Every structure is written in C-alpha cells, then in structure tokens.
>>> print(open('work20.pdb').read())   # PDB, N, CA and C atoms
ATOM      1  N   MET A 744      -3.846   4.441 -13.509
ATOM      2  CA  MET A 744      -3.039   5.599 -13.198
ATOM      3  C   MET A 744      -1.604   5.128 -12.948
ATOM      4  N   LEU A 745      -0.672   5.809 -13.556
ATOM      5  CA  LEU A 745       0.745   5.491 -13.387
ATOM      6  C   LEU A 745       1.313   6.292 -12.226
ATOM      7  N   ASP A 746       2.056   5.608 -11.357
ATOM      8  CA  ASP A 746       2.686   6.245 -10.207
ATOM      9  C   ASP A 746       4.029   5.564  -9.967
ATOM     10  N   GLU A 747       4.753   6.024  -8.982
ATOM     11  CA  GLU A 747       6.023   5.406  -8.609
ATOM     12  C   GLU A 747       5.972   5.047  -7.128
ATOM     13  N   ILE A 748       6.261   3.782  -6.816
ATOM     14  CA  ILE A 748       6.305   3.326  -5.433
ATOM     15  C   ILE A 748       7.622   2.609  -5.219
ATOM     16  N   TYR A 749       8.338   2.987  -4.172
ATOM     17  CA  TYR A 749       9.662   2.438  -3.871
ATOM     18  C   TYR A 749      10.583   2.498  -5.091
ATOM     19  N   GLY A 750      10.485   3.564  -5.862
ATOM     20  CA  GLY A 750      11.386   3.781  -6.981
ATOM     21  C   GLY A 750      11.014   3.086  -8.273
ATOM     22  N   GLY A 751       9.929   2.316  -8.286
ATOM     23  CA  GLY A 751       9.531   1.611  -9.497
ATOM     24  C   GLY A 751       8.208   2.125 -10.040
ATOM     25  N   PRO A 752       8.088   2.268 -11.362
ATOM     26  CA  PRO A 752       6.830   2.718 -11.946
ATOM     27  C   PRO A 752       5.785   1.595 -11.927
ATOM     28  N   VAL A 753       4.587   1.919 -11.441
ATOM     29  CA  VAL A 753       3.498   0.934 -11.362
ATOM     30  C   VAL A 753       2.174   1.597 -11.729
ATOM     31  N   PHE A 754       1.277   0.808 -12.287
ATOM     32  CA  PHE A 754      -0.086   1.256 -12.530
ATOM     33  C   PHE A 754      -0.921   0.887 -11.313
ATOM     34  N   LEU A 755      -1.776   1.815 -10.840
ATOM     35  CA  LEU A 755      -2.604   1.611  -9.656
ATOM     36  C   LEU A 755      -4.007   1.180 -10.065
ATOM     37  N   TYR A 756      -4.572   0.209  -9.329
ATOM     38  CA  TYR A 756      -5.937  -0.262  -9.563
ATOM     39  C   TYR A 756      -6.667  -0.380  -8.231
ATOM     40  N   ASN A 757      -7.986  -0.325  -8.289
ATOM     41  CA  ASN A 757      -8.833  -0.486  -7.096
ATOM     42  C   ASN A 757      -8.428   0.492  -6.000
ATOM     43  N   VAL A 758      -8.420   1.761  -6.340
ATOM     44  CA  VAL A 758      -7.993   2.810  -5.408
ATOM     45  C   VAL A 758      -9.221   3.419  -4.729
ATOM     46  N   HIS A 759      -9.154   3.515  -3.386
ATOM     47  CA  HIS A 759     -10.248   4.068  -2.595
ATOM     48  C   HIS A 759      -9.685   5.009  -1.539
ATOM     49  N   LYS A 760     -10.412   6.062  -1.247
ATOM     50  CA  LYS A 760      -9.984   7.041  -0.246
ATOM     51  C   LYS A 760     -10.070   6.450   1.163
ATOM     52  N   GLU A 761      -9.052   6.709   1.978
ATOM     53  CA  GLU A 761      -9.028   6.336   3.403
ATOM     54  C   GLU A 761      -9.517   7.541   4.196
ATOM     55  N   GLU A 762     -10.399   7.310   5.151
ATOM     56  CA  GLU A 762     -11.029   8.408   5.883
ATOM     57  C   GLU A 762     -10.272   8.870   7.129
ATOM     58  N   GLN A 763      -9.427   8.017   7.747
ATOM     59  CA  GLN A 763      -8.822   8.385   9.023
ATOM     60  C   GLN A 763      -7.301   8.388   9.047
ATOM     61  N   LEU A 764      -6.650   7.477   8.372
ATOM     62  CA  LEU A 764      -5.199   7.380   8.444
ATOM     63  C   LEU A 764      -4.535   8.505   7.667
ATOM     64  N   THR A 765      -3.414   8.974   8.184
ATOM     65  CA  THR A 765      -2.604   9.978   7.498
ATOM     66  C   THR A 765      -1.130   9.666   7.747
ATOM     67  N   GLY A 766      -0.284  10.307   7.027
ATOM     68  CA  GLY A 766       1.151  10.128   7.206
ATOM     69  C   GLY A 766       1.887  11.032   6.237
ATOM     70  N   LYS A 767       3.167  10.795   6.094
ATOM     71  CA  LYS A 767       3.988  11.579   5.165
ATOM     72  C   LYS A 767       3.635  11.142   3.741
ATOM     73  N   ALA A 768       3.303  12.096   2.901
ATOM     74  CA  ALA A 768       2.887  11.800   1.528
ATOM     75  C   ALA A 768       3.876  10.860   0.841
ATOM     76  N   GLY A 769       3.337   9.797   0.264
ATOM     77  CA  GLY A 769       4.147   8.810  -0.441
ATOM     78  C   GLY A 769       4.476   7.577   0.372
ATOM     79  N   ASP A 770       4.400   7.678   1.705
ATOM     80  CA  ASP A 770       4.715   6.526   2.557
ATOM     81  C   ASP A 770       3.593   5.504   2.546
ATOM     82  N   ILE A 771       3.968   4.222   2.626
ATOM     83  CA  ILE A 771       2.997   3.151   2.829
ATOM     84  C   ILE A 771       2.752   3.113   4.336
ATOM     85  N   ILE A 772       1.518   3.371   4.758
ATOM     86  CA  ILE A 772       1.234   3.511   6.186
ATOM     87  C   ILE A 772       0.457   2.342   6.771
ATOM     88  N   ALA A 773      -0.055   1.449   5.927
ATOM     89  CA  ALA A 773      -0.775   0.273   6.420
ATOM     90  C   ALA A 773      -0.957  -0.712   5.272
ATOM     91  N   ALA A 774      -1.294  -1.946   5.629
ATOM     92  CA  ALA A 774      -1.624  -2.971   4.645
ATOM     93  C   ALA A 774      -2.671  -3.894   5.247
ATOM     94  N   ALA A 775      -3.664  -4.281   4.434
ATOM     95  CA  ALA A 775      -4.712  -5.192   4.887
ATOM     96  C   ALA A 775      -5.363  -5.841   3.669
ATOM     97  N   ASN A 776      -5.693  -7.117   3.794
ATOM     98  CA  ASN A 776      -6.361  -7.840   2.697
ATOM     99  C   ASN A 776      -5.629  -7.697   1.372
ATOM    100  N   GLN A 777      -4.331  -7.751   1.405
ATOM    101  CA  GLN A 777      -3.449  -7.657   0.246
ATOM    102  C   GLN A 777      -3.442  -6.268  -0.407
ATOM    103  N   ALA A 778      -4.057  -5.280   0.233
ATOM    104  CA  ALA A 778      -4.032  -3.898  -0.253
ATOM    105  C   ALA A 778      -3.058  -3.100   0.607
ATOM    106  N   ILE A 779      -2.602  -1.978   0.068
ATOM    107  CA  ILE A 779      -1.739  -1.080   0.825
ATOM    108  C   ILE A 779      -2.450   0.250   1.005
ATOM    109  N   CYS A 780      -2.132   0.938   2.082
ATOM    110  CA  CYS A 780      -2.638   2.283   2.317
ATOM    111  C   CYS A 780      -1.457   3.220   2.176
ATOM    112  N   ARG A 781      -1.588   4.183   1.278
ATOM    113  CA  ARG A 781      -0.498   5.110   0.997
ATOM    114  C   ARG A 781      -0.926   6.527   1.358
ATOM    115  N   ALA A 782      -0.082   7.198   2.122
ATOM    116  CA  ALA A 782      -0.368   8.573   2.523
ATOM    117  C   ALA A 782      -0.285   9.495   1.315
ATOM    118  N   THR A 783      -1.160  10.505   1.313
ATOM    119  CA  THR A 783      -1.170  11.525   0.270
ATOM    120  C   THR A 783      -1.032  12.896   0.943
ATOM    121  N   ILE A 784      -0.945  13.935   0.160
ATOM    122  CA  ILE A 784      -0.791  15.265   0.766
ATOM    123  C   ILE A 784      -2.026  15.698   1.540
ATOM    124  N   ASP A 785      -3.181  15.108   1.222
ATOM    125  CA  ASP A 785      -4.418  15.500   1.910
ATOM    126  C   ASP A 785      -5.125  14.326   2.599
ATOM    127  N   GLY A 786      -4.388  13.273   2.945
ATOM    128  CA  GLY A 786      -4.989  12.120   3.632
ATOM    129  C   GLY A 786      -4.276  10.834   3.260
ATOM    130  N   ALA A 787      -5.052   9.873   2.729
ATOM    131  CA  ALA A 787      -4.473   8.582   2.337
ATOM    132  C   ALA A 787      -5.434   7.861   1.402
ATOM    133  N   ILE A 788      -4.897   6.900   0.661
ATOM    134  CA  ILE A 788      -5.699   6.066  -0.226
ATOM    135  C   ILE A 788      -5.322   4.604  -0.044
ATOM    136  N   TRP A 789      -6.299   3.732  -0.246
ATOM    137  CA  TRP A 789      -6.051   2.291  -0.295
ATOM    138  C   TRP A 789      -5.858   1.911  -1.759
ATOM    139  N   ILE A 790      -4.850   1.087  -2.030
ATOM    140  CA  ILE A 790      -4.555   0.611  -3.376
ATOM    141  C   ILE A 790      -4.642  -0.902  -3.341
ATOM    142  N   GLY A 791      -5.590  -1.460  -4.084
ATOM    143  CA  GLY A 791      -5.817  -2.902  -4.061
ATOM    144  C   GLY A 791      -4.859  -3.700  -4.923
ATOM    145  N   HIS A 792      -4.588  -3.211  -6.122
ATOM    146  CA  HIS A 792      -3.751  -3.948  -7.066
ATOM    147  C   HIS A 792      -2.759  -3.014  -7.745
ATOM    148  N   LEU A 793      -1.651  -3.604  -8.159
ATOM    149  CA  LEU A 793      -0.609  -2.883  -8.893
ATOM    150  C   LEU A 793      -0.194  -3.715 -10.103
ATOM    151  N   LYS A 794       0.267  -3.037 -11.128
ATOM    152  CA  LYS A 794       0.874  -3.715 -12.275
ATOM    153  C   LYS A 794       2.145  -2.960 -12.614
ATOM    154  N   PRO A 795       3.296  -3.616 -12.496
ATOM    155  CA  PRO A 795       4.549  -2.933 -12.835
ATOM    156  C   PRO A 795       4.555  -2.479 -14.293
ATOM    157  N   LYS A 796       5.075  -1.278 -14.526
ATOM    158  CA  LYS A 796       5.238  -0.798 -15.896
ATOM    159  C   LYS A 796       6.519  -1.406 -16.439
ATOM    160  N   LEU A 797       6.384  -2.097 -17.547
ATOM    161  CA  LEU A 797       7.530  -2.760 -18.160
ATOM    162  C   LEU A 797       7.845  -2.112 -19.502
ATOM    163  N   ALA A 798       8.903  -2.579 -20.133
ATOM    164  CA  ALA A 798       9.259  -2.087 -21.460
ATOM    165  C   ALA A 798       8.099  -2.346 -22.418
ATOM    166  N   ALA A 799       8.016  -1.568 -23.486
ATOM    167  CA  ALA A 799       6.904  -1.654 -24.436
ATOM    168  C   ALA A 799       6.706  -3.071 -24.987
ATOM    169  N   SER A 800       7.761  -3.825 -25.139
ATOM    170  CA  SER A 800       7.650  -5.174 -25.711
ATOM    171  C   SER A 800       7.253  -6.229 -24.674
ATOM    172  N   GLU A 801       7.210  -5.857 -23.392
ATOM    173  CA  GLU A 801       6.868  -6.805 -22.333
ATOM    174  C   GLU A 801       5.478  -6.517 -21.786
ATOM    175  N   LYS A 802       4.819  -7.592 -21.311
ATOM    176  CA  LYS A 802       3.497  -7.431 -20.712
ATOM    177  C   LYS A 802       3.580  -7.743 -19.226
ATOM    178  N   GLY A 803       2.992  -6.870 -18.428
ATOM    179  CA  GLY A 803       2.930  -7.094 -16.997
ATOM    180  C   GLY A 803       1.605  -7.727 -16.625
ATOM    181  N   ILE A 804       1.460  -8.083 -15.358
ATOM    182  CA  ILE A 804       0.222  -8.658 -14.868
ATOM    183  C   ILE A 804      -0.200  -7.917 -13.604
ATOM    184  N   LYS A 805      -1.498  -7.640 -13.506
ATOM    185  CA  LYS A 805      -2.045  -6.952 -12.333
ATOM    186  C   LYS A 805      -2.127  -7.960 -11.188
ATOM    187  N   LEU A 806      -1.540  -7.606 -10.046
ATOM    188  CA  LEU A 806      -1.513  -8.479  -8.872
ATOM    189  C   LEU A 806      -1.873  -7.677  -7.630
ATOM    190  N   PRO A 807      -2.260  -8.362  -6.537
ATOM    191  CA  PRO A 807      -2.501  -7.634  -5.287
ATOM    192  C   PRO A 807      -1.277  -6.799  -4.913
ATOM    193  N   ALA A 808      -1.531  -5.613  -4.380
ATOM    194  CA  ALA A 808      -0.452  -4.668  -4.077
ATOM    195  C   ALA A 808       0.613  -5.263  -3.161
ATOM    196  N   THR A 809       0.212  -6.018  -2.137
ATOM    197  CA  THR A 809       1.202  -6.578  -1.219
ATOM    198  C   THR A 809       2.040  -7.670  -1.873
ATOM    199  N   VAL A 810       1.518  -8.299  -2.910
ATOM    200  CA  VAL A 810       2.299  -9.300  -3.646
ATOM    201  C   VAL A 810       3.378  -8.600  -4.464
ATOM    202  N   VAL A 811       3.004  -7.544  -5.161
ATOM    203  CA  VAL A 811       3.963  -6.790  -5.978
ATOM    204  C   VAL A 811       5.060  -6.182  -5.108
ATOM    205  N   LEU A 812       4.699  -5.714  -3.911
ATOM    206  CA  LEU A 812       5.654  -5.024  -3.035
ATOM    207  C   LEU A 812       6.162  -5.887  -1.893
ATOM    208  N   LYS A 813       6.031  -7.206  -1.988
ATOM    209  CA  LYS A 813       6.354  -8.081  -0.850
ATOM    210  C   LYS A 813       7.770  -7.884  -0.324
ATOM    211  N   ASP A 814       8.741  -7.732  -1.189
ATOM    212  CA  ASP A 814      10.118  -7.561  -0.723
ATOM    213  C   ASP A 814      10.313  -6.223  -0.008
ATOM    214  N   GLU A 815       9.763  -5.162  -0.567
ATOM    215  CA  GLU A 815       9.882  -3.840   0.042
ATOM    216  C   GLU A 815       9.137  -3.767   1.374
ATOM    217  N   LEU A 816       7.948  -4.362   1.432
ATOM    218  CA  LEU A 816       7.165  -4.346   2.666
ATOM    219  C   LEU A 816       7.825  -5.177   3.763
ATOM    220  N   ALA A 817       8.494  -6.255   3.390
ATOM    221  CA  ALA A 817       9.191  -7.089   4.373
ATOM    222  C   ALA A 817      10.320  -6.303   5.033
ATOM    223  N   LEU A 818      10.939  -5.413   4.299
ATOM    224  CA  LEU A 818      12.003  -4.582   4.859
ATOM    225  C   LEU A 818      11.452  -3.495   5.767
ATOM    226  N   ALA A 819      10.193  -3.063   5.511
ATOM    227  CA  ALA A 819       9.604  -1.957   6.265
ATOM    228  C   ALA A 819       9.347  -2.332   7.720
ATOM    229  N   GLU A 820       8.667  -3.449   7.947
ATOM    230  CA  GLU A 820       8.340  -3.823   9.320
ATOM    231  C   GLU A 820       7.704  -5.204   9.345
ATOM    232  N   LYS A 821       7.812  -5.879  10.478
ATOM    233  CA  LYS A 821       7.216  -7.197  10.641
ATOM    234  C   LYS A 821       5.725  -7.054  10.955
ATOM    235  N   PRO A 822       4.903  -8.102  10.638
ATOM    236  CA  PRO A 822       3.472  -8.043  10.948
ATOM    237  C   PRO A 822       3.221  -7.857  12.443
ATOM    238  N   ALA A 823       2.150  -7.176  12.771
ATOM    239  CA  ALA A 823       1.760  -6.942  14.166
ATOM    240  C   ALA A 823       0.951  -8.135  14.656
ATOM    241  N   SER A 824       1.583  -9.064  15.372
ATOM    242  CA  SER A 824       0.922 -10.292  15.777
ATOM    243  C   SER A 824      -0.178 -10.073  16.800
ATOM    244  N   ILE A 825      -0.125  -8.992  17.558
ATOM    245  CA  ILE A 825      -1.134  -8.739  18.592
ATOM    246  C   ILE A 825      -2.511  -8.565  17.968
ATOM    247  N   VAL A 826      -2.596  -7.853  16.871
ATOM    248  CA  VAL A 826      -3.891  -7.612  16.251
ATOM    249  C   VAL A 826      -4.164  -8.499  15.044
ATOM    250  N   ALA A 827      -3.190  -9.245  14.588
ATOM    251  CA  ALA A 827      -3.365 -10.043  13.379
ATOM    252  C   ALA A 827      -4.497 -11.050  13.500
ATOM    253  N   ASN A 828      -4.712 -11.598  14.676
ATOM    254  CA  ASN A 828      -5.754 -12.602  14.837
ATOM    255  C   ASN A 828      -7.134 -12.004  15.085
ATOM    256  N   LEU A 829      -7.236 -10.702  15.279
ATOM    257  CA  LEU A 829      -8.520 -10.070  15.528
ATOM    258  C   LEU A 829      -9.320  -9.846  14.252
ATOM    259  N   PHE A 830      -8.660  -9.831  13.134
ATOM    260  CA  PHE A 830      -9.306  -9.539  11.862
ATOM    261  C   PHE A 830      -8.968 -10.634  10.868
ATOM    262  N   SER A 831      -9.743 -10.707   9.796
ATOM    263  CA  SER A 831      -9.418 -11.637   8.725
ATOM    264  C   SER A 831      -8.512 -10.947   7.721
ATOM    265  N   LYS A 832      -7.671 -10.065   8.212
ATOM    266  CA  LYS A 832      -6.770  -9.288   7.368
ATOM    267  C   LYS A 832      -5.330  -9.557   7.775
ATOM    268  N   SER A 833      -4.429  -9.379   6.848
ATOM    269  CA  SER A 833      -3.013  -9.353   7.162
ATOM    270  C   SER A 833      -2.682  -7.903   7.447
ATOM    271  N   ILE A 834      -2.206  -7.630   8.632
ATOM    272  CA  ILE A 834      -1.958  -6.248   9.026
ATOM    273  C   ILE A 834      -0.477  -6.036   9.252
ATOM    274  N   ILE A 835       0.027  -4.956   8.725
ATOM    275  CA  ILE A 835       1.408  -4.561   8.968
ATOM    276  C   ILE A 835       1.346  -3.310   9.827
ATOM    277  N   SER A 836       2.059  -3.317  10.925
ATOM    278  CA  SER A 836       2.066  -2.180  11.828
ATOM    279  C   SER A 836       3.050  -1.145  11.325
ATOM    280  N   VAL A 837       2.544   0.051  11.084
ATOM    281  CA  VAL A 837       3.394   1.161  10.676
ATOM    282  C   VAL A 837       2.960   2.405  11.439
ATOM    283  N   PRO A 838       3.863   3.322  11.694
ATOM    284  CA  PRO A 838       3.493   4.543  12.417
ATOM    285  C   PRO A 838       2.485   5.363  11.608
ATOM    286  N   ILE A 839       1.491   5.914  12.295
ATOM    287  CA  ILE A 839       0.505   6.745  11.632
ATOM    288  C   ILE A 839       0.270   8.008  12.446
ATOM    289  N   GLU A 840      -0.272   9.004  11.797
ATOM    290  CA  GLU A 840      -0.687  10.221  12.463
ATOM    291  C   GLU A 840      -2.185  10.342  12.252
ATOM    292  N   ARG A 841      -2.909  10.758  13.265
ATOM    293  CA  ARG A 841      -4.364  10.979  13.116
ATOM    294  C   ARG A 841      -4.616  12.474  12.984
ATOM    295  N   ARG A 842      -5.541  12.812  12.129
ATOM    296  CA  ARG A 842      -5.922  14.205  11.949
ATOM    297  C   ARG A 842      -6.767  14.642  13.130
ATOM    298  N   SER A 843      -6.536  15.822  13.609
ATOM    299  CA  SER A 843      -7.398  16.344  14.670
ATOM    300  C   SER A 843      -8.654  16.906  14.009
ATOM    301  N   THR A 844      -9.797  16.608  14.633
ATOM    302  CA  THR A 844     -11.065  17.057  14.057
ATOM    303  C   THR A 844     -11.683  18.167  14.849
TER     304      THR A 844
END
>>> encode(input="work20.pdb", output="structure tokens")
Amino acid sequence: MLDEIYGGPVFLYNVHKEEQLTGKAGDIIAAANQAICRATIDGAIWIGHLKPKLAASEKGIKLPATVVLKDELALAEKPASIVANLFSKSIISVPIERRST
C-alpha cells in the first residue's frame, strides 16, 4: 500500500491494527521493535517495514520502519530511558490519547 509519511511517499508492509493507542490521524504515536505505530481516523496501526517510492528507473529496498524514518523520528523525541530496559523493544515516548470504553 502506498502512503505518505513525513512528506515522502512510501510503501507500507507488515501492517497490523493497534487495539489501544490513539492520536491525531497521521501522527507517529509510538515505536517498538523497529516498527512504528501511526494514528488513524479510527484508531492506530503498527507498520513493520517501509520501502521508499523512487523514480521508475530506481529500485528501493524494504527496511524496518524506524530505519527508514530514523532522521525524522530523532527530531520527534528522545527514547524513554525509564521504560527502555523493561522490554526487549526500543521505545520512543510520544503523547497518546486513550479511548474511553
């Protein structure tokens, strides 16, 4: 699936629905295990891999989402060191909203 993240066209791979996190549609609201969680209009999705869309004569390569977006994510926020050691995941702390049930 072709989408745009941080102004660049990318193909999305390994996409799974997130059950609890929410935020402003389009925002990256979390990252773990080299995947990103992106808010949607009705919740959020985890995106495992991205491949930048290049010119027709060029070939891109599918890479972990946090690798493709490393520069943009570094500008967003620093890793949350308090919880980083609790999981075998790389976690980026970002503001989230929880849905009331």
>>> resolve_selection(input="work20.pdb", expression="the PyMOL selection byres ((chain A and resi 791-808) around 8)", output="list in words")
Gly751, Pro752, Val753, Phe754, Leu755, Tyr756, Asn757, Val758, His759, Asn776, Gln777, Ala778, Ile779, Cys780, Ile788, Trp789, Ile790, Thr809, Val810, Val811, Leu812 and Lys813 of chain A
>>> atom_distance(input="work20.pdb", atom1="atom C of Ala787 in chain A", atom2="atom C of Glu761 in chain A")
5.0 Å
>>> atom_distance(input="work20.pdb", atom1="CA of Asp785 in chain A", atom2="CA of Gly769 in chain A")
11.1 Å
>>> atom_distance(input="work20.pdb", atom1="atom N of Ile784 in chain A", atom2="atom C of Asp814 in chain A")
23.1 Å
>>> axis_aligned_box(input="work20.pdb", around="range 766-783 of chain A", padding_each_side="8 Å", output="AutoDock Vina command-line options")
--center_x -0.8 --center_y 2.5 --center_z 3.4 --size_x 27.1 --size_y 36.7 --size_z 23.6
